[in-house]
Amino acid sequence: MPRSQDSPEASSAHRRFAISATALLGLIAAGCQADVPPSPGEAVVEAKPARVEAPRAAQKPEPPPTPTEPPIVQPPKEIPAPEGMVWIPGGTFLMGADDTSMADAGPVHEVTLDGFWMDKTEVTNAQFAAFVKATGYVTVAERRPDPKDFPNVPPEDLVPGGLVFTPPAGEVSLENPLIWWSYVPGANWRHPEGPRTSIEGKDQYPVVQICWDDAVAYARWAGKRLPTEAEWEYAARGGKVRTRFLWGDEFRPGGNFAANTWQGRFPDRGAAEDGFATTSPVGQFQANGFGLFDMAGNVWEWCSDWYRPGYEIRETRNPTGPSSSFDPDEPGQAKRVQRGGSFLCSDQYCSRYLPGSRGKGAVDTGLSHLGFRCVLSPRDSREKGTRAQAKNSPAN
Ligand SMILES: [Ca+2]
Ligand SMILES: [Ca+2]
């Protein structure tokens, strides 16, 4: 398997992609321990000024308005439950984490959400294949990078691909995730770990190598949307309050694994005691209190919110996150929030399966442990129905 950024033969294009990908690798590392500092020479970053802002000046925010209407708790009777989704009853919860090792996950604050439906599982290869078949959609990882975006890279070096977890041969320092991540030309959702791998026989595995735009395109086609970060966290907690893990206070309740995570020494000696060295078919572990599977581990999941470290609490009712992205680790990279951790998380490295913990990733970077799931609100459903009605009206 190629190891672009480590190989002397690595093209500058590959290095550029690896650089871009460090944004996303930040999610692995930032959460996983201290933030990863930019490596020497990793100076060139594609700026996305439209949605990236400098850090905001410290100022005392206005107290957010207290919600006056009670949240929507029950699903509307007139709208049937969408297939494959469960109703998440609205409510109020404490969002975030006050763990000092997860400095970007605070402050803990009260959020009120209206109820919504959420996919029971991560979007699977079979589901994504149906979308591609119906629309002809080509994912970001399958497209040749636009030379306009990489003016300093020879066009022949601009090859499509994605980042693949590549375990090193022996014990390594956990300081630099680029040791175990490789930019692999030809890696995409059909070939998650490179051209020699496939998803044949893996219909029920989560789709991976999905950039944020890919996830949004699928969601629109499915008549759904990506969850807000608040919706994702509330749903992941499954109604539990202040437990150590999403599923309770014991990592292995009754001796059973509750999520697909990493056992053994990270990243070179995986023990796969939970039965899965990499991704697992969706729904292999017990559902949470809302009936959702794999909200901890298996694959990371995109949210709709822009990433900024910490919460700016400007809205407490159905918050949609900040209006722009800023990551002090990589200023200039547009990043969205990712949640839940993956099969690579353990107590040694990346414990991002913990309640309230956050991840982040460059919107244009796919990885072999990154997927998504969708949500749908009654109002989304009604608006869709209204649009369809207007479209079908004889007056139009
Ligand atoms: Ca595992
Ligand atoms: Ca997951």
# chains A, B, ... in the order shown; residues from 1 in each chain; ligands from 1
$ residues_near_ligand --ligand "ligand 1" --cutoff "6 Å" --atoms "only C-alpha atoms and all ligand atoms" --output "list in words"
Asn260, Thr261, Trp262, Ala272, Asp274, Phe276, Ala277, Thr278 and Phe343 of chain A
$ closest_atom_pairs --of "chain A" --to "ligand 2" --cutoff "9 Å" --atoms "only C-alpha atoms and all ligand atoms" --output "Markdown table"
| residue | atom | partner | partner_atom_place_in_ligand_line | distance |
| --- | --- | --- | --- | --- |
| A:Thr121 | CA | ligand 2 | 1 (Ca) | 8.1 |
| A:Glu122 | CA | ligand 2 | 1 (Ca) | 6.4 |
| A:Pro206 | CA | ligand 2 | 1 (Ca) | 8.8 |
| A:Ala259 | CA | ligand 2 | 1 (Ca) | 8.8 |
| A:Asn260 | CA | ligand 2 | 1 (Ca) | 8.7 |
| A:Val282 | CA | ligand 2 | 1 (Ca) | 8.9 |
| A:Phe293 | CA | ligand 2 | 1 (Ca) | 7.8 |
| A:Asp294 | CA | ligand 2 | 1 (Ca) | 4.6 |
| A:Met295 | CA | ligand 2 | 1 (Ca) | 4.5 |
| A:Ala296 | CA | ligand 2 | 1 (Ca) | 5.1 |
| A:Gly297 | CA | ligand 2 | 1 (Ca) | 4.7 |
| A:Asn298 | CA | ligand 2 | 1 (Ca) | 4.9 |
| A:Val299 | CA | ligand 2 | 1 (Ca) | 4.3 |
| A:Trp300 | CA | ligand 2 | 1 (Ca) | 5.0 |
| A:Glu301 | CA | ligand 2 | 1 (Ca) | 5.8 |
| A:Arg339 | CA | ligand 2 | 1 (Ca) | 7.4 |
| A:Gly340 | CA | ligand 2 | 1 (Ca) | 5.3 |
| A:Gly341 | CA | ligand 2 | 1 (Ca) | 6.4 |
| A:Ser342 | CA | ligand 2 | 1 (Ca) | 6.2 |
| A:Phe343 | CA | ligand 2 | 1 (Ca) | 8.7 |
| A:Tyr353 | CA | ligand 2 | 1 (Ca) | 8.7 |
| A:Leu370 | CA | ligand 2 | 1 (Ca) | 8.4 |
| A:Gly371 | CA | ligand 2 | 1 (Ca) | 7.7 |
| A:Phe372 | CA | ligand 2 | 1 (Ca) | 7.5 |
| A:Arg373 | CA | ligand 2 | 1 (Ca) | 8.5 |
$ write_last_selection --atoms "C-alpha atoms" --output "compact mmCIF listing (two decimals), in the first residue's frame"
# COMPACT_ATOMS: atom_id res chain seq x y z
CA THR A 121 -27.60 3.18 11.76
CA GLU A 122 -24.73 4.79 9.92
CA PRO A 206 -20.96 1.83 6.88
CA ALA A 259 -19.15 -0.40 20.72
CA ASN A 260 -16.63 -1.13 17.98
CA VAL A 282 -23.92 -1.61 11.30
CA PHE A 293 -26.74 1.85 16.85
CA ASP A 294 -23.03 2.69 16.70
CA MET A 295 -23.34 6.23 18.03
CA ALA A 296 -20.06 5.40 19.74
CA GLY A 297 -17.32 3.99 17.55
CA ASN A 298 -17.33 2.12 14.24
CA VAL A 299 -17.08 5.22 12.01
CA TRP A 300 -17.00 8.93 12.75
CA GLU A 301 -20.12 10.77 11.62
CA ARG A 339 -18.85 12.95 16.23
CA GLY A 340 -18.68 9.59 17.96
CA GLY A 341 -15.16 8.31 17.34
CA SER A 342 -14.36 5.19 15.37
CA PHE A 343 -12.90 1.70 15.46
CA TYR A 353 -16.56 7.75 22.13
CA LEU A 370 -15.40 8.38 8.42
CA GLY A 371 -19.07 8.12 7.45
CA PHE A 372 -22.37 9.70 8.46
CA ARG A 373 -26.08 9.26 9.19
$ closest_residue --among "A:Thr365, A:Ser381, A:Ser323, A:Thr68" --to "Ala187 in chain A" --atoms "only C-alpha atoms"
A:Thr365
$ closest_atom_pairs --of "range 265-358 of chain A" --to "range 207-216 of chain A" --cutoff "9 Å" --atoms "only C-alpha atoms" --output "Markdown table"
| residue | atom | partner | partner_atom | distance |
| --- | --- | --- | --- | --- |
| A:Val299 | CA | A:Val208 | CA | 7.7 |
| A:Trp302 | CA | A:Trp212 | CA | 6.7 |
| A:Cys303 | CA | A:Trp212 | CA | 8.5 |
| A:Ser304 | CA | A:Trp212 | CA | 8.5 |
| A:Arg336 | CA | A:Trp212 | CA | 7.7 |
$ write_last_selection --atoms "C-alpha atoms" --output "PDB file, in the first residue's frame"
ATOM      1  CA  VAL A 299     -17.082   5.220  12.008  1.00  0.00           C
ATOM      2  CA  TRP A 302     -20.401  14.175   9.963  1.00  0.00           C
ATOM      3  CA  CYS A 303     -22.595  16.870  11.490  1.00  0.00           C
ATOM      4  CA  SER A 304     -23.879  19.997   9.757  1.00  0.00           C
ATOM      5  CA  ARG A 336     -17.092  20.710  10.041  1.00  0.00           C
TER       6      ARG A 336
END
$ residues_around --residues "range 239-253 of chain A" --least-positions-apart "2" --cutoff "10 Å" --atoms "only C-alpha atoms" --output "ChimeraX atom specification"
/A:88-89,91,93-94,97,233-237,255-259,286-290,295-296,340,353-356
$ write_last_selection --atoms "N, CA and C atoms" --output "mmCIF file, in the first residue's frame"
data_model
loop_
_atom_site.group_PDB
_atom_site.id
_atom_site.type_symbol
_atom_site.label_atom_id
_atom_site.label_comp_id
_atom_site.auth_asym_id
_atom_site.auth_seq_id
_atom_site.Cartn_x
_atom_site.Cartn_y
_atom_site.Cartn_z
ATOM 1 N N ILE A 88 -36.678 10.628 17.889
ATOM 2 C CA ILE A 88 -35.940 11.090 19.064
ATOM 3 C C ILE A 88 -36.816 12.155 19.719
ATOM 4 N N PRO A 89 -37.415 11.849 20.870
ATOM 5 C CA PRO A 89 -38.334 12.813 21.480
ATOM 6 C C PRO A 89 -37.597 14.067 21.936
ATOM 7 N N GLY A 91 -36.447 17.478 23.942
ATOM 8 C CA GLY A 91 -36.197 17.662 25.361
ATOM 9 C C GLY A 91 -35.061 18.637 25.588
ATOM 10 N N PHE A 93 -31.248 19.097 27.468
ATOM 11 C CA PHE A 93 -30.130 18.318 28.005
ATOM 12 C C PHE A 93 -28.911 19.214 28.189
ATOM 13 N N LEU A 94 -27.923 18.674 28.904
ATOM 14 C CA LEU A 94 -26.665 19.401 29.092
ATOM 15 C C LEU A 94 -25.706 18.949 28.005
ATOM 16 N N ALA A 97 -18.805 18.721 27.379
ATOM 17 C CA ALA A 97 -18.079 17.967 28.398
ATOM 18 C C ALA A 97 -17.171 18.928 29.154
ATOM 19 N N GLU A 233 -25.478 14.902 19.529
ATOM 20 C CA GLU A 233 -25.084 14.580 20.910
ATOM 21 C C GLU A 233 -26.275 14.155 21.763
ATOM 22 N N TYR A 234 -27.362 14.880 21.605
ATOM 23 C CA TYR A 234 -28.566 14.540 22.368
ATOM 24 C C TYR A 234 -29.014 13.114 22.040
ATOM 25 N N ALA A 235 -29.019 12.807 20.757
ATOM 26 C CA ALA A 235 -29.439 11.468 20.326
ATOM 27 C C ALA A 235 -28.471 10.409 20.842
ATOM 28 N N ALA A 236 -27.169 10.721 20.789
ATOM 29 C CA ALA A 236 -26.164 9.736 21.206
ATOM 30 C C ALA A 236 -26.288 9.400 22.687
ATOM 31 N N ARG A 237 -26.677 10.396 23.468
ATOM 32 C CA ARG A 237 -26.793 10.160 24.909
ATOM 33 C C ARG A 237 -27.963 9.236 25.239
ATOM 34 N N GLY A 255 -19.522 -7.646 30.855
ATOM 35 C CA GLY A 255 -18.430 -8.309 30.130
ATOM 36 C C GLY A 255 -18.529 -8.169 28.624
ATOM 37 N N ASN A 256 -19.552 -7.501 28.137
ATOM 38 C CA ASN A 256 -19.740 -7.376 26.686
ATOM 39 C C ASN A 256 -19.253 -6.020 26.186
ATOM 40 N N PHE A 257 -18.730 -6.031 24.982
ATOM 41 C CA PHE A 257 -18.366 -4.759 24.364
ATOM 42 C C PHE A 257 -19.638 -4.025 23.943
ATOM 43 N N ALA A 258 -19.606 -2.710 24.132
ATOM 44 C CA ALA A 258 -20.787 -1.905 23.802
ATOM 45 C C ALA A 258 -20.612 -1.123 22.508
ATOM 46 N N ALA A 259 -19.410 -1.169 21.936
ATOM 47 C CA ALA A 259 -19.146 -0.402 20.716
ATOM 48 C C ALA A 259 -17.924 -0.980 20.023
ATOM 49 N N GLN A 286 -25.226 -3.285 21.012
ATOM 50 C CA GLN A 286 -26.550 -2.943 21.536
ATOM 51 C C GLN A 286 -26.935 -1.497 21.215
ATOM 52 N N ALA A 287 -28.203 -1.312 20.874
ATOM 53 C CA ALA A 287 -28.705 0.037 20.588
ATOM 54 C C ALA A 287 -28.765 0.852 21.876
ATOM 55 N N ASN A 288 -28.758 2.171 21.726
ATOM 56 C CA ASN A 288 -28.891 3.025 22.914
ATOM 57 C C ASN A 288 -30.368 3.202 23.278
ATOM 58 N N GLY A 289 -30.625 4.061 24.257
ATOM 59 C CA GLY A 289 -31.987 4.223 24.774
ATOM 60 C C GLY A 289 -32.989 4.723 23.739
ATOM 61 N N PHE A 290 -32.509 5.328 22.671
ATOM 62 C CA PHE A 290 -33.401 5.792 21.603
ATOM 63 C C PHE A 290 -33.498 4.791 20.445
ATOM 64 N N MET A 295 -23.571 4.797 17.803
ATOM 65 C CA MET A 295 -23.343 6.232 18.035
ATOM 66 C C MET A 295 -21.966 6.425 18.678
ATOM 67 N N ALA A 296 -21.452 5.388 19.298
ATOM 68 C CA ALA A 296 -20.056 5.399 19.739
ATOM 69 C C ALA A 296 -19.301 4.430 18.838
ATOM 70 N N GLY A 340 -18.492 10.987 17.589
ATOM 71 C CA GLY A 340 -18.680 9.589 17.958
ATOM 72 C C GLY A 340 -17.453 8.704 17.959
ATOM 73 N N TYR A 353 -15.246 8.361 21.922
ATOM 74 C CA TYR A 353 -16.562 7.746 22.126
ATOM 75 C C TYR A 353 -17.184 8.260 23.429
ATOM 76 N N LEU A 354 -16.453 9.080 24.161
ATOM 77 C CA LEU A 354 -16.971 9.582 25.436
ATOM 78 C C LEU A 354 -18.069 10.621 25.206
ATOM 79 N N PRO A 355 -19.044 10.679 26.103
ATOM 80 C CA PRO A 355 -20.143 11.645 25.929
ATOM 81 C C PRO A 355 -19.630 13.082 25.814
ATOM 82 N N GLY A 356 -20.167 13.800 24.876
ATOM 83 C CA GLY A 356 -19.838 15.216 24.733
ATOM 84 C C GLY A 356 -18.568 15.493 23.961
#
$ closest_residue --among "A:Asp104, A:Glu330, A:Glu78, A:Asp203" --to "Ala130 in chain A" --atoms "only C-alpha atoms"
A:Asp203
$ closest_residue --among "A:Glu83, A:Asp146, A:Asp268, A:Glu110" --to "Phe165 in chain A" --atoms "only C-alpha atoms"
A:Asp268
